[in-house]
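Asks: entry14.txt (compact mmCIF, C-alpha atoms) pasted underneath:
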```txt
# COMPACT_ATOMS: atom_id res chain seq x y z
CA MET A 1 3.99 13.10 41.51
CA SER A 2 6.41 11.45 43.97
CA ALA A 3 9.39 9.35 42.92
CA GLU A 4 7.81 6.31 44.57
CA ALA A 5 4.58 6.72 42.58
CA LEU A 6 6.51 7.08 39.33
CA CYS A 7 8.46 3.92 40.13
CA GLN A 8 5.25 1.98 40.77
CA LYS A 9 3.77 3.17 37.46
CA LEU A 10 6.92 2.12 35.62
CA LYS A 11 6.80 -1.36 37.16
CA ALA A 12 3.11 -1.73 36.31
CA TYR A 13 3.75 -0.56 32.75
CA HIS A 14 6.42 -3.19 32.16
CA HIS A 15 4.29 -5.89 33.80
CA ASN A 16 1.26 -5.07 31.62
CA ILE A 17 3.14 -5.26 28.32
CA GLY A 18 4.85 -8.48 29.29
CA HIS A 19 8.48 -7.40 29.54
CA SER A 20 10.86 -9.36 31.74
CA GLY A 21 12.13 -6.21 33.41
CA PRO A 22 13.72 -2.84 32.70
CA LYS A 23 17.37 -2.36 31.82
CA VAL A 24 19.53 0.46 33.11
CA ALA A 25 17.67 3.72 32.50
CA GLY A 26 19.10 6.86 30.93
CA ARG A 27 17.76 10.38 30.82
CA LEU A 28 16.36 12.73 28.23
CA VAL A 29 18.62 15.65 27.36
CA ARG A 30 17.01 17.26 24.34
CA VAL A 31 13.83 17.40 22.26
CA VAL A 32 14.16 18.62 18.67
CA GLY A 33 10.89 18.63 16.78
CA LEU A 34 9.57 15.09 17.15
CA THR A 35 12.98 13.59 17.93
CA LEU A 36 14.13 12.80 21.47
CA GLU A 37 17.80 12.65 22.46
CA ALA A 38 18.89 10.61 25.48
CA ILE A 39 22.14 9.62 27.19
CA GLY A 40 23.05 7.03 29.79
CA CYS A 41 21.29 4.01 28.27
CA GLN A 42 22.35 1.53 25.63
CA ALA A 43 19.79 0.35 23.10
CA SER A 44 20.16 -0.97 19.56
CA VAL A 45 18.65 0.74 16.52
CA GLY A 46 15.06 -0.48 16.09
CA SER A 47 14.54 -1.39 19.75
CA LEU A 48 11.89 0.20 21.98
CA CYS A 49 12.32 2.41 25.01
CA SER A 50 9.87 3.65 27.61
CA VAL A 51 9.92 7.44 28.11
CA GLU A 52 8.56 9.01 31.28
CA THR A 53 6.00 11.83 30.98
CA GLU A 54 3.81 13.76 33.41
CA SER A 55 0.85 11.47 32.68
CA GLY A 56 2.60 8.11 32.43
CA PHE A 57 4.90 6.48 29.91
CA ILE A 58 5.08 6.40 26.13
CA ASP A 59 6.97 4.11 23.76
CA ALA A 60 9.70 5.43 21.50
CA GLU A 61 11.86 3.60 18.96
CA VAL A 62 15.61 4.06 18.64
CA VAL A 63 16.24 5.43 15.14
CA GLY A 64 19.90 6.40 15.42
CA PHE A 65 22.79 7.30 17.69
CA ASP A 66 25.80 9.61 17.89
CA GLY A 67 28.48 8.49 20.31
CA ASN A 68 26.79 7.88 23.66
CA LYS A 69 23.68 9.77 22.59
CA ILE A 70 20.69 7.91 21.14
CA PHE A 71 17.92 9.37 19.00
CA LEU A 72 14.36 8.21 19.59
CA MET A 73 11.12 8.71 17.66
CA PRO A 74 8.00 8.51 19.87
CA SER A 75 4.97 6.52 18.74
CA GLU A 76 2.51 9.12 20.06
CA ASN A 77 2.17 12.71 21.22
CA ILE A 78 5.18 13.99 23.20
CA LYS A 79 3.09 16.31 25.38
CA GLY A 80 4.14 16.15 29.03
CA ILE A 81 7.79 15.20 28.52
CA LEU A 82 10.08 16.96 31.01
CA PRO A 83 13.82 17.73 30.85
CA GLY A 84 15.79 14.84 32.33
CA ALA A 85 12.89 12.40 31.95
CA LYS A 86 13.78 8.74 32.51
CA VAL A 87 14.36 6.66 29.36
CA THR A 88 14.30 2.88 29.92
CA PRO A 89 15.20 0.33 27.23
CA LEU A 90 12.57 -2.40 27.01
CA SER A 91 13.83 -5.95 27.25
CA VAL A 92 11.68 -7.90 24.80
CA GLU A 93 10.14 -7.12 21.42
CA GLN A 94 6.48 -8.16 21.67
CA GLY A 95 5.69 -8.32 17.96
CA ILE A 96 2.29 -8.10 16.30
CA PRO A 97 -0.58 -10.44 17.25
CA VAL A 98 -1.66 -12.57 14.29
CA GLY A 99 -4.23 -15.26 13.63
CA MET A 100 -7.47 -15.93 11.76
CA HIS A 101 -9.32 -13.86 14.39
CA LEU A 102 -7.84 -10.74 12.73
CA LEU A 103 -10.32 -11.07 9.86
CA GLY A 104 -12.90 -8.31 10.03
CA ARG A 105 -10.80 -6.23 12.42
CA VAL A 106 -9.23 -2.76 12.16
CA ILE A 107 -5.85 -2.31 13.85
CA ASP A 108 -3.19 0.38 14.12
CA GLY A 109 0.49 0.17 13.23
CA ALA A 110 1.31 -1.55 16.53
CA GLY A 111 -1.40 -4.20 16.10
CA ARG A 112 -3.82 -2.65 18.60
CA ALA A 113 -7.57 -2.66 17.95
CA LEU A 114 -9.18 0.52 16.59
CA ASP A 115 -12.69 -0.80 15.92
CA GLY A 116 -14.03 -0.92 19.48
CA LYS A 117 -14.56 -4.70 19.31
CA GLY A 118 -12.24 -5.50 22.19
CA SER A 119 -8.50 -5.95 22.45
CA ILE A 120 -6.67 -8.38 20.20
CA THR A 121 -5.03 -11.19 22.13
CA SER A 122 -3.11 -14.00 20.50
CA LYS A 123 -0.42 -16.50 21.40
CA GLN A 124 0.91 -16.13 17.88
CA ARG A 125 3.01 -13.06 17.19
CA THR A 126 5.23 -11.95 14.36
CA ALA A 127 7.83 -9.23 13.92
CA SER A 128 6.81 -6.17 11.94
CA VAL A 129 9.88 -6.50 9.73
CA ASN A 130 10.74 -9.94 8.35
CA LYS A 131 13.31 -10.96 5.79
CA ALA A 132 12.21 -11.43 2.22
CA ILE A 133 12.04 -14.98 0.89
CA ASN A 134 15.09 -16.23 -0.98
CA PRO A 135 14.35 -15.37 -4.65
CA LEU A 136 15.32 -18.91 -5.72
CA SER A 137 12.80 -20.38 -3.26
CA ARG A 138 9.82 -18.49 -4.66
CA ARG A 139 7.34 -20.16 -6.96
CA GLN A 140 7.01 -18.57 -10.39
CA ILE A 141 3.95 -16.50 -11.24
CA SER A 142 1.93 -18.81 -13.44
CA GLU A 143 -1.79 -18.18 -12.94
CA PRO A 144 -4.00 -15.07 -13.14
CA LEU A 145 -5.81 -13.45 -10.23
CA ASP A 146 -9.38 -12.35 -10.86
CA VAL A 147 -9.78 -8.86 -9.33
CA GLY A 148 -13.36 -8.34 -10.53
CA VAL A 149 -12.51 -5.27 -12.64
CA LYS A 150 -12.90 -5.62 -16.44
CA ALA A 151 -10.23 -3.13 -17.43
CA ILE A 152 -7.62 -4.89 -15.28
CA ASN A 153 -8.67 -8.48 -15.98
CA GLY A 154 -8.86 -7.90 -19.72
CA MET A 155 -6.13 -5.37 -20.52
CA LEU A 156 -3.70 -5.56 -17.57
CA THR A 157 -4.10 -9.10 -16.28
CA VAL A 158 -2.53 -9.59 -12.85
CA GLY A 159 -0.87 -12.84 -11.76
CA LYS A 160 -0.95 -14.34 -8.27
CA GLY A 161 2.14 -13.04 -6.50
CA GLN A 162 2.57 -9.94 -8.67
CA ARG A 163 3.43 -6.50 -7.22
CA MET A 164 1.62 -3.69 -9.06
CA GLY A 165 1.79 0.07 -8.68
CA LEU A 166 -1.36 2.19 -8.80
CA PHE A 167 -0.24 5.67 -9.87
CA ALA A 168 -2.70 8.48 -9.30
CA GLY A 169 -3.05 12.10 -8.33
CA SER A 170 -5.54 13.22 -5.71
CA GLY A 171 -9.24 12.77 -6.35
CA VAL A 172 -9.19 10.46 -9.38
CA GLY A 173 -10.80 7.42 -7.75
CA LYS A 174 -7.95 5.26 -6.44
CA SER A 175 -9.72 4.49 -3.14
CA VAL A 176 -12.88 3.45 -5.00
CA LEU A 177 -10.82 1.19 -7.30
CA LEU A 178 -9.17 -0.42 -4.26
CA GLY A 179 -12.62 -1.05 -2.79
CA MET A 180 -13.78 -2.64 -6.04
CA MET A 181 -10.82 -5.03 -6.00
CA THR A 182 -11.39 -5.82 -2.33
CA ARG A 183 -14.96 -6.94 -3.03
CA GLY A 184 -14.29 -8.61 -6.39
CA ALA A 185 -10.94 -10.37 -6.00
CA THR A 186 -10.91 -14.16 -5.66
CA ALA A 187 -8.17 -14.03 -3.01
CA ASP A 188 -8.74 -15.86 0.29
CA VAL A 189 -7.76 -12.88 2.47
CA VAL A 190 -7.49 -9.14 1.81
CA VAL A 191 -5.14 -6.93 3.84
CA VAL A 192 -5.67 -3.18 3.44
CA GLY A 193 -3.14 -0.61 4.66
CA LEU A 194 -4.54 2.93 4.94
CA ILE A 195 -1.44 5.01 5.59
CA GLY A 196 -1.41 8.79 5.95
CA GLU A 197 -5.07 9.20 4.97
CA ARG A 198 -7.44 11.71 6.53
CA GLY A 199 -9.31 10.24 9.51
CA ARG A 200 -12.63 10.83 7.77
CA GLU A 201 -11.51 8.83 4.74
CA VAL A 202 -10.50 5.85 6.88
CA LYS A 203 -14.01 5.39 8.28
CA GLU A 204 -15.56 6.16 4.89
CA PHE A 205 -13.42 3.50 3.18
CA ILE A 206 -14.26 0.86 5.77
CA GLU A 207 -18.01 1.48 5.97
CA GLU A 208 -18.95 2.63 2.47
CA ILE A 209 -16.30 1.49 0.00
CA LEU A 210 -15.22 -1.77 1.66
CA GLY A 211 -18.68 -2.70 2.93
CA GLU A 212 -19.71 -5.57 5.20
CA ALA A 213 -19.04 -8.28 2.61
CA GLY A 214 -15.54 -7.00 1.87
CA ARG A 215 -14.71 -6.40 5.51
CA ALA A 216 -15.61 -9.97 6.58
CA ARG A 217 -12.52 -11.40 4.88
CA SER A 218 -10.27 -8.37 5.34
CA VAL A 219 -7.81 -6.97 7.83
CA VAL A 220 -7.49 -3.18 7.82
CA VAL A 221 -4.36 -1.50 9.18
CA ALA A 222 -4.95 2.22 9.66
CA ALA A 223 -2.34 4.88 10.44
CA PRO A 224 -4.03 8.24 9.66
CA ALA A 225 -2.23 11.45 8.78
CA ASP A 226 -2.26 12.72 12.38
CA ASN A 227 -0.23 9.71 13.58
CA SER A 228 3.47 10.15 14.24
CA PRO A 229 5.91 9.38 11.40
CA LEU A 230 6.93 6.24 13.30
CA MET A 231 3.37 4.90 13.41
CA ARG A 232 2.84 5.65 9.72
CA LEU A 233 6.05 3.77 8.95
CA LYS A 234 4.99 0.89 11.21
CA GLY A 235 1.54 0.85 9.62
CA CYS A 236 2.97 -0.21 6.24
CA GLU A 237 5.31 -2.75 7.80
CA THR A 238 2.52 -4.21 9.95
CA ALA A 239 0.21 -4.60 6.95
CA VAL A 240 2.91 -6.52 5.08
CA ALA A 241 3.69 -8.64 8.16
CA VAL A 242 0.00 -9.60 8.53
CA ALA A 243 -0.13 -10.52 4.83
CA GLU A 244 3.01 -12.63 5.25
CA TYR A 245 1.39 -14.56 8.10
CA PHE A 246 -1.64 -15.51 6.00
CA ARG A 247 0.63 -16.39 3.03
CA ASP A 248 2.62 -18.72 5.26
CA GLN A 249 -0.65 -20.50 6.12
CA GLY A 250 -1.01 -21.41 2.44
CA LEU A 251 -3.59 -18.72 1.60
CA ASP A 252 -3.72 -16.38 -1.39
CA VAL A 253 -3.59 -12.81 -0.07
CA LEU A 254 -4.47 -9.54 -1.79
CA LEU A 255 -2.48 -6.70 -0.22
CA LEU A 256 -3.71 -3.16 -0.93
CA MET A 257 -1.36 -0.46 0.35
CA ASP A 258 -2.57 3.13 0.21
CA SER A 259 -0.05 4.56 -0.07
CA ILE A 260 3.64 3.76 -0.42
CA THR A 261 4.27 7.48 -0.92
CA ARG A 262 3.17 8.19 2.66
CA TYR A 263 5.57 5.45 3.78
CA ALA A 264 8.42 7.21 1.99
CA GLN A 265 7.40 10.57 3.43
CA ALA A 266 7.32 9.15 6.97
CA GLN A 267 10.83 7.77 6.54
CA ARG A 268 11.94 11.12 5.14
CA GLU A 269 10.60 12.93 8.24
CA ILE A 270 12.45 10.53 10.55
CA ALA A 271 15.70 10.57 8.57
CA LEU A 272 15.85 14.36 8.28
CA ALA A 273 15.04 14.74 11.98
CA ILE A 274 18.13 12.74 12.98
CA GLY A 275 20.39 14.59 10.55
CA GLU A 276 20.52 12.42 7.41
CA PRO A 277 21.26 14.69 4.42
CA PRO A 278 18.64 14.98 1.66
CA ALA A 279 19.54 13.57 -1.74
CA THR A 280 16.77 13.74 -4.37
CA LYS A 281 14.12 16.45 -3.98
CA GLY A 282 14.41 16.32 -0.21
CA TYR A 283 14.36 12.52 0.06
CA PRO A 284 17.40 11.05 1.89
CA PRO A 285 19.11 7.86 0.65
CA SER A 286 17.51 5.67 3.33
CA VAL A 287 14.10 6.15 1.68
CA PHE A 288 15.28 4.52 -1.54
CA ALA A 289 16.78 1.64 0.46
CA LYS A 290 13.57 0.99 2.39
CA LEU A 291 11.22 0.96 -0.61
CA PRO A 292 12.56 -2.23 -2.25
CA ALA A 293 12.97 -3.88 1.16
CA LEU A 294 9.23 -3.40 1.76
CA VAL A 295 8.07 -4.36 -1.73
CA GLU A 296 10.22 -7.52 -1.95
CA ARG A 297 8.46 -9.01 1.07
CA ALA A 298 5.34 -9.46 -1.08
CA GLY A 299 5.03 -12.06 -3.84
CA ASN A 300 4.74 -15.83 -4.07
CA GLY A 301 5.95 -17.99 -1.21
CA GLY A 302 7.85 -21.24 -1.38
CA GLU A 303 6.44 -24.74 -1.69
CA GLY A 304 3.42 -25.22 0.56
CA GLN A 305 2.95 -21.47 1.02
CA GLY A 306 0.42 -19.14 -0.57
CA SER A 307 0.91 -15.84 -2.35
CA ILE A 308 0.74 -12.09 -1.75
CA THR A 309 -0.55 -10.14 -4.74
CA ALA A 310 0.12 -6.52 -3.87
CA PHE A 311 -1.17 -3.19 -5.15
CA PHE A 312 0.87 -0.23 -3.89
CA THR A 313 -0.66 3.15 -4.61
CA VAL A 314 1.76 5.92 -5.54
CA LEU A 315 0.62 9.53 -5.19
CA SER A 316 1.74 11.63 -8.15
CA GLU A 317 1.97 15.14 -6.76
CA GLY A 318 0.64 17.55 -9.36
CA ASP A 319 0.11 14.50 -11.63
CA ASP A 320 3.90 14.36 -12.05
CA MET A 321 4.76 10.78 -13.04
CA GLN A 322 8.50 11.61 -12.76
CA ASP A 323 8.32 12.25 -9.03
CA PRO A 324 11.30 10.50 -7.30
CA ILE A 325 9.08 8.04 -5.43
CA ALA A 326 7.00 7.30 -8.52
CA ASP A 327 10.13 6.77 -10.59
CA ALA A 328 11.75 4.50 -7.99
CA SER A 329 8.53 2.52 -7.53
CA ARG A 330 8.16 1.84 -11.26
CA ALA A 331 11.62 0.27 -11.29
CA ILE A 332 10.95 -2.22 -8.49
CA LEU A 333 7.32 -3.18 -9.23
CA ASP A 334 6.01 -5.74 -11.73
CA GLY A 335 3.88 -3.24 -13.61
CA HIS A 336 1.89 -0.06 -13.12
CA ILE A 337 -1.68 1.14 -13.55
CA VAL A 338 -2.04 4.85 -14.27
CA LEU A 339 -5.24 6.68 -13.33
CA SER A 340 -5.88 9.67 -15.58
CA ARG A 341 -7.34 12.94 -14.32
CA GLU A 342 -8.69 13.70 -17.80
CA LEU A 343 -10.65 10.44 -17.82
CA ALA A 344 -11.94 11.08 -14.30
CA ASP A 345 -13.02 14.61 -15.24
CA SER A 346 -15.00 13.20 -18.17
CA GLY A 347 -16.84 10.72 -15.93
CA HIS A 348 -14.88 7.66 -17.12
CA TYR A 349 -14.53 5.33 -14.10
CA PRO A 350 -12.39 3.57 -13.20
CA ALA A 351 -10.13 6.20 -14.78
CA ILE A 352 -7.51 3.69 -15.96
CA ASP A 353 -5.38 4.92 -18.86
CA VAL A 354 -4.65 1.56 -20.51
CA GLY A 355 -2.30 3.23 -22.99
CA LYS A 356 0.11 4.25 -20.21
CA SER A 357 -0.35 1.15 -18.04
CA ILE A 358 1.31 -2.24 -18.27
CA SER A 359 1.39 -5.59 -16.49
CA ARG A 360 4.82 -7.17 -16.87
CA VAL A 361 3.66 -10.70 -16.06
CA MET A 362 0.56 -10.70 -18.29
CA PRO A 363 2.28 -12.81 -21.02
CA ALA A 364 3.03 -15.50 -18.40
CA VAL A 365 -0.56 -15.86 -17.13
CA THR A 366 -2.69 -15.40 -20.27
CA THR A 367 -3.20 -17.20 -23.57
CA GLU A 368 -1.84 -15.90 -26.88
CA LEU A 369 -5.40 -15.19 -28.01
CA HIS A 370 -6.04 -13.05 -24.93
CA GLN A 371 -2.79 -11.15 -25.49
CA ASP A 372 -3.64 -10.52 -29.15
CA GLN A 373 -7.13 -9.25 -28.27
CA ALA A 374 -5.77 -6.92 -25.58
CA ARG A 375 -3.11 -5.64 -28.01
CA VAL A 376 -5.75 -4.82 -30.62
CA ILE A 377 -7.87 -2.83 -28.16
CA LYS A 378 -4.81 -1.04 -26.82
CA THR A 379 -3.72 -0.08 -30.36
CA LEU A 380 -7.15 1.37 -31.17
CA TYR A 381 -7.33 3.15 -27.80
CA SER A 382 -3.90 4.75 -28.28
CA ALA A 383 -4.67 5.75 -31.88
CA TYR A 384 -7.80 7.59 -30.76
CA GLN A 385 -5.97 9.28 -27.86
CA LYS A 386 -3.21 10.58 -30.16
CA ASN A 387 -5.72 12.11 -32.58
CA GLN A 388 -8.34 13.17 -30.04
CA ASP A 389 -7.76 16.91 -30.45
CA LEU A 390 -8.15 16.71 -34.24
CA ILE A 391 -11.24 14.52 -33.92
CA THR A 392 -12.84 16.81 -31.33
CA ILE A 393 -12.53 19.98 -33.43
CA GLY A 394 -13.51 18.18 -36.65
CA ALA A 395 -10.11 18.59 -38.30
CA TYR A 396 -9.56 14.88 -38.87
CA ASN A 397 -10.44 13.73 -42.40
CA LYS A 398 -12.02 10.32 -42.57
CA GLY A 399 -9.92 7.92 -44.63
CA SER A 400 -6.58 9.44 -43.62
CA ASP A 401 -5.74 6.46 -41.40
CA PRO A 402 -7.70 3.16 -41.40
CA ILE A 403 -6.78 2.41 -37.78
CA VAL A 404 -8.02 5.81 -36.59
CA ASP A 405 -11.20 5.34 -38.65
CA THR A 406 -11.83 2.01 -36.89
CA ALA A 407 -10.98 3.52 -33.50
CA ILE A 408 -13.56 6.27 -34.01
CA SER A 409 -16.25 3.80 -35.06
CA ILE A 410 -15.93 1.50 -32.04
CA LYS A 411 -14.82 4.09 -29.43
CA PRO A 412 -18.19 3.85 -27.59
CA GLN A 413 -17.82 0.05 -27.31
CA ILE A 414 -14.25 0.39 -26.02
CA ASP A 415 -15.37 2.92 -23.41
CA GLU A 416 -18.20 0.62 -22.34
CA PHE A 417 -15.73 -2.24 -21.87
CA LEU A 418 -13.26 -0.15 -19.86
CA GLN A 419 -15.89 1.43 -17.59
CA GLN A 420 -17.53 -0.23 -14.61
CA LYS A 421 -19.84 0.83 -11.81
CA MET A 422 -18.48 0.98 -8.30
CA HIS A 423 -20.43 -1.99 -6.90
CA ASP A 424 -20.30 -4.20 -10.00
CA VAL A 425 -18.12 -7.31 -9.94
CA ILE A 426 -17.23 -8.78 -13.36
CA ALA A 427 -15.79 -12.30 -13.20
CA PHE A 428 -12.70 -13.13 -15.25
CA ASP A 429 -14.56 -15.49 -17.64
CA ASP A 430 -17.30 -12.90 -18.25
CA CYS A 431 -14.63 -10.32 -18.97
CA MET A 432 -13.07 -12.61 -21.58
CA GLY A 433 -16.48 -12.95 -23.25
CA HIS A 434 -16.85 -9.15 -23.42
CA LEU A 435 -13.32 -8.82 -24.82
CA ASP A 436 -13.99 -11.44 -27.49
CA THR A 437 -17.20 -9.65 -28.54
CA LEU A 438 -15.34 -6.34 -28.77
CA THR A 439 -12.58 -7.72 -30.98
CA GLN A 440 -15.15 -9.36 -33.26
CA GLN A 441 -16.72 -5.92 -33.77
CA PHE A 442 -13.26 -4.62 -34.75
CA ARG A 443 -12.82 -7.34 -37.35
CA ALA A 444 -16.32 -6.73 -38.71
CA SER A 445 -15.58 -3.03 -39.15
```
Can the structure from this file be put into structure tokens for me?
Replies:
Amino acid sequence: MSAEALCQKLKAYHHNIGHSGPKVAGRLVRVVGLTLEAIGCQASVGSLCSVETESGFIDAEVVGFDGNKIFLMPSENIKGILPGAKVTPLSVEQGIPVGMHLLGRVIDGAGRALDGKGSITSKQRTASVNKAINPLSRRQISEPLDVGVKAINGMLTVGKGQRMGLFAGSGVGKSVLLGMMTRGATADVVVVGLIGERGREVKEFIEEILGEAGRARSVVVAAPADNSPLMRLKGCETAVAVAEYFRDQGLDVLLLMDSITRYAQAQREIALAIGEPPATKGYPPSVFAKLPALVERAGNGGEGQGSITAFFTVLSEGDDMQDPIADASRAILDGHIVLSRELADSGHYPAIDVGKSISRVMPAVTTELHQDQARVIKTLYSAYQKNQDLITIGAYNKGSDPIVDTAISIKPQIDEFLQQKMHDVIAFDDCMGHLDTLTQQFRAS
């Protein structure tokens, strides 16, 4: 390809994406893994550059520098990059298109359409990374959010503006639980971030788990596992930015992020590629700085704004709840829901272990009667779990402990309350009726 043809393509590229014009270009001097190293151009960390390839141009973000050398992470495949390729800083940050027309759409980490329903055009745009609201400007969490799931509404009540962690290993039903909340929650808008998932699971979640009814009021941001680390990182940030837009319009938003672990892993890949030393089990310090920065953007807005109630799934590798990301997430979230593999293996769905789960804002959004009823059920549930081995083999002697005796007698009713079919939606008031009936059975026994 001639130099003149390449120049024309570069001009057309900048014209199409709406930039005012290229800055002084540099050149590519090295490719290490997925990281590009360039000299001769000045660009700030976080800005975009256009990198020349044999088949056109690709975007890359500046993720670091060393003297006059800048490190870039491409947003797509680096196939076709040649030694000495031209690297041009882009003049203007376009941002992500936002608006009510996003409802029902599936976009990638850069805000581009993935659903084949045409490109997304909007005069309104927002940055993918915005500052968190001043903590003194936020409204307090004072009312519950109905998520349509009995076990959560009754035992782990969530408040509007709360940030919850959903801790689970692989294959225990977290995606199904997210789909249940998407269909059953009383929120105005649902934003779903599918980060680092298999491509097959993305389509399956949208068509089978989310369904037409759930999709109509949802925005799905998908960055599958085969995307670059940069796009997986941007996928999480874009999902939060879209949720922030709807919150600023005064709407109550349910944000479901699956998963924050993939976000941390993407940042780890980028940080290690540019030479940041690992700290805890291979995770560099920047990972633990980015996690709270992302989480704190969710929550209640100020006066006149809505709320973002967020569920961040945390993958527990090997069901290890002391994984560095799981441990860090527990410290910055307003509660955690643990999905148990033992419960899932026994056919108990959703596989929520209420004994190991907690909602830190439940006392602020529920009545004292509700709290007392939930505490009773949790006590009986935990008593049975602690003595399950003895009960199973017949070694427990009836009369040894009155609480265990009661737990054994109403265990089937407790299981019935905590279980729910995938497509069932149980309203908050109906859940309270079931909980009241269950506690009356306890008192009668």
Asks: Pick out the closest residue to A:Phe246 from this set: A:Ser137, A:Gln265, A:Gln322, A:Thr126. Count all atoms listed in the file.
Replies: A:Thr126
Asks: Show me, as a ChimeraX atom specification, the residues that have an atom within 6 Å of stretch 113-124 of chain A when counting all atoms listed in the file, minus same-chain residues fewer than 4 positions from it.
Replies: /A:97-98,106-107
Asks: Restricting the calculation to all atoms listed in the file: of A:Ala25, A:Cys41, A:Leu294, A:Leu177, which residue gets closest to A:Pro350?
Replies: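 Going through A:Ala25, A:Cys41, A:Leu294, A:Leu177 one by one, the smallest distance to A:Pro350 is for A:Leu177.
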Asks: Got a sec: who's within 6 Å of stretch 207-222 of chain A, counting only C-alpha atoms, leaving out chain neighbours fewer than 3 positions off, as a list of chain:residue names?
Replies: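 Selected residues are A:Leu103, A:Gly104, A:Arg105, A:Val106, A:Ile107, A:Asp108, A:Gly179, A:Arg183, A:Val189, A:Val190, A:Val191, A:Val192, A:Gly193, A:Leu194, A:Glu204, A:Ala239.
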Asks: Find the residues with any atom within 7 Å of (10.3, 2.8, 25.4); use all atoms listed in the file and the coordinates as given in the file, and write the answer as a ChimeraX atom specification.
Replies: /A:48-51,58-61,87-90
Asks: Using Å and a single decimal, report how far atom CA of A:Ala273 sits from atom CA of A:Leu230.
Replies: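 That distance, rounded to one decimal, is 11.8 Å.
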Asks: Counting all atoms listed in the file, which residues come within 12 Å of (11.6, 0.5, -9.1), with the point read in the file's coordinates, and could you list them as a ChimeraX atom specification?
Replies: /A:163-165,288-296,312,314,324-336
Asks: Separation of atom CA of A:Val172 and atom CA of A:Asp405, in Å?
Replies: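 Separation of atom CA of A:Val172 and atom CA of A:Asp405: 29.8 Å.
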Asks: Could you check which of A:Gly46, A:Lys69, A:Gly56, A:Ile414 is closest to A:Val29, using only C-alpha atoms?
Replies: A:Lys69
Asks: Please determine, counting only C-alpha atoms, which residue among A:Val425, A:Leu166, A:Ile410, A:Ile393 has the shortest atom-to-atom distance to A:Ser340.
Replies: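 The shortest atom-to-atom distance to A:Ser340 comes from A:Leu166.
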Asks: Rank nothing, just name the residue among A:Ser228, A:Asn130, A:Ser91, A:Thr367 nearest to A:Thr157, using all atoms listed in the file.
Replies: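 Among the listed residues, the smallest separation from A:Thr157 belongs to A:Thr367.
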Asks: Do you know which residues are at most 9 Å from A:Thr379 counting only C-alpha atoms, after dropping those on the same chain fewer than 6 positions away, and could you put them as a PyMOL selection string?
Replies: chain A and resi 355+403+407
Asks: With distances taken over all atoms listed in the file, which residue among A:Arg138, A:Gln385, A:Gln249, A:Thr35 lies nearest A:Glu342?
Replies: A:Gln385
Asks: What's the 12 Å shell around A:Pro402, counting all atoms listed in the file, without same-chain residues fewer than 6 positions away, as a ChimeraX atom specification?
Replies: /A:380,383-384,408-409,442,445
Asks: Between atom CA of A:Ala38 and atom CA of A:Ile70, what is the distance in Å, rounded to a tenth?
Replies: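 Taking atom CA of A:Ala38 and atom CA of A:Ile70, their separation equals 5.4 Å.
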Asks: Once 5 Å is added on each side, what are the centre and the three edge lengths, in Å to one decimal, of the axis-aligned box enclosing the listed atoms of stretch 296-300 of chain A? Present them as AutoDock Vina command-line options.
Replies:
```
--center_x 7.5 --center_y -11.7 --center_z -1.5 --size_x 15.5 --size_y 18.3 --size_z 15.1
```
Asks: Got a sec: who's within 8 Å of A:Pro144, counting all atoms listed in the file, leaving out chain neighbours fewer than 2 positions off, as a ChimeraX atom specification?
Replies: /A:142,146,157-160,365-366
